[in-house]
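Heads up, the thing below is written out as structure tokens.
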Amino acid sequence: MVIAVGSLVLLIGGAAGCTIGGGDEGSASGSPVGSGAGSDCSTPAVIGTDGSAEGRVVGALYGELLTGAGKRVRISATRYASPADTARAVVEGRLDLAPAYEMTTLRALPGGQTVPGDLATTLSMALPPGIDALPPAAAQNGVVLAVTPATAHRHGLRDLTDLGGIKGLRLGGSAAGHPDAPTATALRRVYGVTLTPAGTSSTADVLVLRGTDPLIAREHLVVLTDSRGVVPPEHVFPLISAACADVDGRNALARLDSALTTGQLAGLASSVAAGQDPSKAARAWLRAETTH
């Protein structure tokens, strides 16, 4: 399925007056049992995540925001294998809310119509009635292409178009096998650049990474702008049962829309991966944002 780059918009169909609200990570036990799509959300809404540090801290952010808005939530103790699995769990009514990603969600829910140039409508048609995709944060964990500061300085690289005419550069990295990773052929077709495939080899000059890879910050890598949209977006957004998406809850979650950037998400995920409790990391970040 080929889907042109676009941005998500608010896709709300639902009920108001739902009660969503608070609990600590791991307070649930056994298999997740959400209120279910189409329920009145009269019990605490269940937030589910995959086992990644990134997913867990975004889920904790959702929980803290909703709790602060007077809602009742709990975090499922079950760790799903991937964001695709949590998306399916929300759609199937086993979870009420989960962090989701645009292309990952579309791949998890095949069969919908594709509207070229309109990712929001494509996503809305892929979701069944009773499930809403709320607006995304600025942060995304999609594939990016990056170079070292030395390489960027040597060749004057800021955008993928700047790679045109440069010979001998190799393309590869830890995300080279990702479904959205651009191939050397695709980059030549769209940008007119010539790169030699290097797979996941450490000898690559142009690195194919996830946008939240801690290597980017640690090595001060320069992420090249994809001005022609060869890589589809993977912004993080709340996938939620419409019955649990009342106005107060939507407004609370909307605090992340512009505030949470890719760099900030990468930093939060790194802290959680290093052992920090996701809820503590989320609370600290939200407090810092409030004082800005």
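Going by the structure tokens order, chains are called A, B, ..., each with residues numbered from 1, while ligands are numbered from 1 in the order shown.
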Backbone DSSP call of helix (DSSP H, G or I) for region 4-250 of chain A, listed as JSON, numbers by chain: {"A": [53, 54, 55, 56, 57, 58, 59, 60, 61, 62, 63, 64, 65, 66, 67, 68, 83, 84, 85, 86, 87, 88, 89, 90, 91, 102, 103, 104, 105, 106, 107, 108, 119, 120, 121, 122, 123, 124, 125, 126, 149, 150, 151, 152, 153, 154, 155, 160, 161, 162, 163, 184, 185, 186, 187, 188, 189, 190, 191, 214, 215, 216, 217, 218, 242, 243, 244, 247, 248, 249, 250]}
All strand (DSSP E) positions in region 36-271 of chain A, as number ranges by chain: A: 45-50, 73-80, 97-101, 131-133, 143-147, 170-172, 196-199, 206-210, 222-223, 236-241
CA of Thr161 (chain A) to CA of Gly192 (chain A), distance in Å rounded to a single decimal: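 Taking CA of Thr161 (chain A) as the start and CA of Gly192 (chain A) as the end point, the length is 7.8 Å.
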Closest of A:Val193, A:Val58, A:Ile240, A:Ala139 to Arg88 (chain A) - atom-to-atom distances counting only C-alpha atoms: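 Ranking A:Val193, A:Val58, A:Ile240, A:Ala139 by distance to Arg88 (chain A), first place goes to A:Ile240.
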Region 205-213 of chain A environment, 8 Å, only C-alpha atoms, sequence neighbours closer than 5 positions dropped, as a list of chain:residue names: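 Near region 205-213 of chain A, the qualifying residues are A:Gln140, A:Asn141, A:Gly142, A:Val143, A:Val144, A:Leu145, A:Ala146, A:Val147, A:Thr148, A:Thr151, A:Leu169, A:Arg170, A:Leu171, A:Gly172, A:Gly173, A:Ser174, A:Ala175, A:Ala176, A:Ala181, A:Thr262, A:Gly263, A:Leu265, A:Ala266.
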Among the residues A:Glu92, A:Glu234, A:Glu64, A:Asp85, the one that comes closest to Arg283 (chain A) [using only C-alpha atoms]: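 For Arg283 (chain A), the nearest of the candidates is A:Glu64.
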